[in-house]
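Visitor: For reference, the structure I am asking about is given below.
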Amino acid sequence: MSILPRHTPQAHLDALTQELEAAGITLGPVKPGTRVTRIVDHGGIRWTVTFLGSGYGWALRGPGIEHGVGMDVAEIAEHIAAAAMDADEPGIPAPATWRGVPVPQEYATRWDSPEAVAWRNGAGAALAVANLTAVAQQDS
């Protein structure tokens with residue numbers, strides 16, 4: 001596993017800032033607890049942009065790309081702007097259950113929203129804990 005850089009060189013940060021501003025997007029602050037990850041809130045959607053190094057570019061994370069995708073600054077601006085335009089359209093409907101858990105109504109209409117993604121992450125974590133507890137009780 002590679003190690004992220006300790007800082008973002010000013011030239012790379014300036015290039016990202018200029019490209020985002022040209023698309024009407026504002027680069028946010030450094031994500032708490034990180035050195036090279038910035039927060040971008042645009043169109044009601046939260047994104048993170050992580051500097052991977054001079055030879056690698058940036059990684060974009062957000063709805064639909066939770067694990068990050070390497071992109072250059074132009075691709076990042078285009079992707080964030082396009083997602084904001086898509087946010088005005090009806091979302092993907094949710095299934096009735098997810099991993100056997102009934103989906104709450106507030107996530108049923110926008111299954112692809114950041115809130116629904118967060119709910120799935122939380123539900124997945126709760127299911128993992130319940131599974132580990134059940135296995136531990138069986139081993140006792």
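Please note that chains go A, B, ... in the order of the structure tokens, that every chain numbers its residues from 1, and that ligands are numbered from 1 in the order shown.
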Could you pull the residues within 12 Å of Trp98 of chain A, counting only C-alpha atoms, minus those fewer than 2 positions along the same chain, as a ChimeraX atom specification?
Guide: /A:94-96,100-104,107-108,111,116-117,119-124,127
Visitor: Keeping all heavy atoms for every residue in the selection just given, could you write it to a file as a short mmCIF file (atom, residue, chain, number, x, y, z; two decimals), in the first residue's frame?
Guide:
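Wrote it out as result-v1.cif, contents follow:
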```
data_model
loop_
_atom_site.label_atom_id
_atom_site.label_comp_id
_atom_site.auth_asym_id
_atom_site.auth_seq_id
_atom_site.Cartn_x
_atom_site.Cartn_y
_atom_site.Cartn_z
N ALA A 94 -35.15 2.94 -4.17
CA ALA A 94 -34.52 1.94 -3.30
C ALA A 94 -35.28 0.61 -3.36
O ALA A 94 -36.47 0.59 -3.64
CB ALA A 94 -34.51 2.45 -1.86
N PRO A 95 -34.56 -0.47 -3.08
CA PRO A 95 -35.28 -1.75 -2.93
C PRO A 95 -36.07 -1.72 -1.62
O PRO A 95 -35.83 -0.87 -0.76
CB PRO A 95 -34.14 -2.77 -2.86
CG PRO A 95 -32.96 -2.00 -2.38
CD PRO A 95 -33.12 -0.60 -2.91
N ALA A 96 -37.00 -2.64 -1.45
CA ALA A 96 -37.80 -2.69 -0.22
C ALA A 96 -36.93 -3.03 0.99
O ALA A 96 -37.14 -2.51 2.08
CB ALA A 96 -38.93 -3.70 -0.37
N GLY A 100 -31.58 -7.58 3.95
CA GLY A 100 -32.57 -8.08 4.88
C GLY A 100 -33.14 -7.03 5.82
O GLY A 100 -34.00 -7.32 6.64
N VAL A 101 -32.68 -5.78 5.72
CA VAL A 101 -33.14 -4.69 6.59
C VAL A 101 -34.11 -3.83 5.79
O VAL A 101 -33.79 -3.39 4.69
CB VAL A 101 -31.95 -3.83 7.07
CG1 VAL A 101 -32.43 -2.67 7.93
CG2 VAL A 101 -30.93 -4.68 7.81
N PRO A 102 -35.31 -3.56 6.33
CA PRO A 102 -36.24 -2.68 5.62
C PRO A 102 -35.64 -1.29 5.41
O PRO A 102 -35.02 -0.73 6.31
CB PRO A 102 -37.46 -2.60 6.55
CG PRO A 102 -37.34 -3.79 7.44
CD PRO A 102 -35.86 -4.08 7.58
N VAL A 103 -35.78 -0.75 4.22
CA VAL A 103 -35.23 0.57 3.90
C VAL A 103 -36.20 1.65 4.39
O VAL A 103 -37.37 1.64 4.03
CB VAL A 103 -35.01 0.71 2.37
CG1 VAL A 103 -34.54 2.11 2.02
CG2 VAL A 103 -34.03 -0.33 1.88
N PRO A 104 -35.71 2.58 5.25
CA PRO A 104 -36.58 3.67 5.71
C PRO A 104 -37.10 4.51 4.55
O PRO A 104 -36.42 4.69 3.54
CB PRO A 104 -35.66 4.50 6.61
CG PRO A 104 -34.58 3.55 7.02
CD PRO A 104 -34.38 2.64 5.85
N TYR A 107 -35.09 7.27 2.58
CA TYR A 107 -34.05 6.89 1.63
C TYR A 107 -34.64 6.17 0.41
O TYR A 107 -33.93 5.94 -0.56
CB TYR A 107 -33.02 5.99 2.29
CG TYR A 107 -32.50 6.58 3.57
CD1 TYR A 107 -32.62 5.91 4.77
CD2 TYR A 107 -31.92 7.85 3.58
CE1 TYR A 107 -32.17 6.47 5.95
CE2 TYR A 107 -31.47 8.42 4.75
CZ TYR A 107 -31.59 7.73 5.94
OH TYR A 107 -31.16 8.28 7.10
N ALA A 108 -35.91 5.84 0.47
CA ALA A 108 -36.53 5.05 -0.59
C ALA A 108 -36.64 5.80 -1.91
O ALA A 108 -36.60 5.20 -2.97
CB ALA A 108 -37.92 4.58 -0.15
N TRP A 111 -32.16 6.60 -3.49
CA TRP A 111 -31.25 5.55 -3.07
C TRP A 111 -29.79 5.93 -3.35
O TRP A 111 -28.87 5.45 -2.71
CB TRP A 111 -31.61 4.25 -3.79
CG TRP A 111 -30.93 3.04 -3.28
CD1 TRP A 111 -30.18 2.18 -4.02
CD2 TRP A 111 -30.94 2.50 -1.95
NE1 TRP A 111 -29.72 1.15 -3.23
CE2 TRP A 111 -30.18 1.33 -1.96
CE3 TRP A 111 -31.51 2.92 -0.76
CZ2 TRP A 111 -29.97 0.55 -0.83
CZ3 TRP A 111 -31.32 2.15 0.37
CH2 TRP A 111 -30.56 0.99 0.33
N ALA A 116 -28.54 8.29 1.82
CA ALA A 116 -28.81 6.85 1.65
C ALA A 116 -27.52 6.05 1.69
O ALA A 116 -27.48 4.95 2.26
CB ALA A 116 -29.57 6.60 0.35
N VAL A 117 -26.47 6.60 1.11
CA VAL A 117 -25.17 5.93 1.17
C VAL A 117 -24.71 5.82 2.62
O VAL A 117 -24.24 4.77 3.06
CB VAL A 117 -24.12 6.68 0.31
CG1 VAL A 117 -22.72 6.13 0.54
CG2 VAL A 117 -24.49 6.60 -1.16
N TRP A 119 -26.64 5.78 5.26
CA TRP A 119 -27.50 4.80 5.92
C TRP A 119 -27.02 3.38 5.61
O TRP A 119 -26.94 2.54 6.50
CB TRP A 119 -28.96 4.98 5.50
CG TRP A 119 -29.84 3.96 6.14
CD1 TRP A 119 -30.40 4.02 7.38
CD2 TRP A 119 -30.25 2.69 5.58
NE1 TRP A 119 -31.12 2.88 7.63
CE2 TRP A 119 -31.05 2.05 6.55
CE3 TRP A 119 -30.01 2.06 4.38
CZ2 TRP A 119 -31.60 0.80 6.34
CZ3 TRP A 119 -30.57 0.80 4.16
CH2 TRP A 119 -31.36 0.18 5.14
N ARG A 120 -26.70 3.11 4.35
CA ARG A 120 -26.21 1.77 3.98
C ARG A 120 -24.91 1.45 4.70
O ARG A 120 -24.72 0.32 5.16
CB ARG A 120 -26.01 1.68 2.46
CG ARG A 120 -27.31 1.65 1.69
CD ARG A 120 -27.13 1.20 0.25
NE ARG A 120 -26.22 1.99 -0.54
CZ ARG A 120 -26.56 3.08 -1.22
NH1 ARG A 120 -27.80 3.53 -1.19
NH2 ARG A 120 -25.66 3.73 -1.94
N ASN A 121 -24.01 2.43 4.81
CA ASN A 121 -22.76 2.20 5.53
C ASN A 121 -23.03 1.88 7.00
O ASN A 121 -22.44 0.96 7.57
CB ASN A 121 -21.83 3.40 5.42
CG ASN A 121 -21.26 3.58 4.04
OD1 ASN A 121 -21.21 2.63 3.26
ND2 ASN A 121 -20.83 4.78 3.72
N GLY A 122 -23.93 2.62 7.61
CA GLY A 122 -24.27 2.37 9.01
C GLY A 122 -24.97 1.03 9.21
O GLY A 122 -24.67 0.28 10.14
N ALA A 123 -25.90 0.73 8.32
CA ALA A 123 -26.61 -0.56 8.42
C ALA A 123 -25.65 -1.71 8.19
O ALA A 123 -25.71 -2.74 8.89
CB ALA A 123 -27.76 -0.61 7.40
N GLY A 124 -24.73 -1.56 7.26
CA GLY A 124 -23.73 -2.61 7.01
C GLY A 124 -22.84 -2.82 8.22
O GLY A 124 -22.53 -3.97 8.58
N LEU A 127 -24.87 -4.65 10.89
CA LEU A 127 -25.01 -6.06 10.54
C LEU A 127 -23.71 -6.81 10.80
O LEU A 127 -23.73 -7.96 11.26
CB LEU A 127 -25.43 -6.21 9.08
CG LEU A 127 -26.86 -5.79 8.76
CD1 LEU A 127 -27.07 -5.74 7.25
CD2 LEU A 127 -27.86 -6.72 9.41
#
```
Visitor: Excluding same-chain residues fewer than 4 positions from Ala74 of chain A, what lies within 9 Å of it counting only C-alpha atoms, as a ChimeraX atom specification?
Guide: /A:16,19-20,78-79
Visitor: Just the selected residues (C-alpha atoms), exported as a JSON list (two decimals), in the first residue's frame, please.
Guide:
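Below is the file part08.json, written as the result:
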```
[["chain", "number", "residue", "atom", "x", "y", "z"],
["A", 16, "LEU", "CA", -7.38, 22.36, -8.84],
["A", 19, "GLU", "CA", -10.38, 24.43, -12.61],
["A", 20, "LEU", "CA", -13.13, 24.15, -9.98],
["A", 78, "GLU", "CA", -16.61, 17.94, -14.83],
["A", 79, "HIS", "CA", -17.73, 15.05, -12.60]]
```
Visitor: Closest to Gly68 of chain A among A:Ile25, A:Thr34, A:Thr50, A:Ile39, using only C-alpha atoms?
Guide: A:Thr50
Visitor: Which of chain A counts as alpha helix (DSSP H) under DSSP, as a PyMOL selection string please?
Guide: chain A and resi 10-22+73-86+105-108+114-139
Visitor: Using only C-alpha atoms, which of the listed residues (A:Ile80, A:Val135, A:Trp58, A:Val129) sits closest to Ala23 of chain A?
Guide: A:Ile80
Visitor: Quick one: pull the distance between atom CA of Val73 of chain A and atom CA of Leu4 of chain A, Å, one decimal.
Guide: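 Between atom CA of Val73 of chain A and atom CA of Leu4 of chain A the gap works out to 17.8 Å.
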Visitor: Return the single residue from A:Pro9, A:Pro114, A:Gly24, A:Pro32 that is closest to Trp47 of chain A, with distances computed using only C-alpha atoms.
Guide: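 Looking at the shortest contact to Trp47 of chain A, the residue is A:Pro114.
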Visitor: From a DSSP pass on the backbone, collect the residues of chain A flagged as strand (DSSP E or B) and hand them back as JSON, numbers by chain.
Guide: {"A": [30, 37, 38, 39, 40, 41, 42, 45, 46, 47, 48, 49, 50, 51, 52, 53, 57, 58, 59, 60, 61, 62, 65, 66, 67, 68, 69, 70, 71, 97, 98, 101, 102]}
Visitor: Work out how far atom CA of Thr97 of chain A is from atom CA of Glu66 of chain A, in Å to one decimal.
Guide: 21.1 Å
Visitor: One number please: atom CA of Asp72 of chain A to atom CA of His7 of chain A, in Å, one decimal.
Guide: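 Computing the Euclidean distance for atom CA of Asp72 of chain A and atom CA of His7 of chain A yields 17.5 Å.
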Visitor: Measuring atom to atom with only C-alpha atoms, identify which of A:Gln138, A:Ser113, A:Thr26, A:Gln105 is nearest to Val40 of chain A.
Guide: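 Closest to Val40 of chain A, using only C-alpha atoms: A:Thr26.
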Visitor: Name the residues in contact with segment 51-56 of chain A at a cut-off of 7 Å, using only C-alpha atoms, excluding same-chain residues fewer than 5 positions from it; report them as number ranges by chain.
Guide: A: 4-5, 8, 36-37
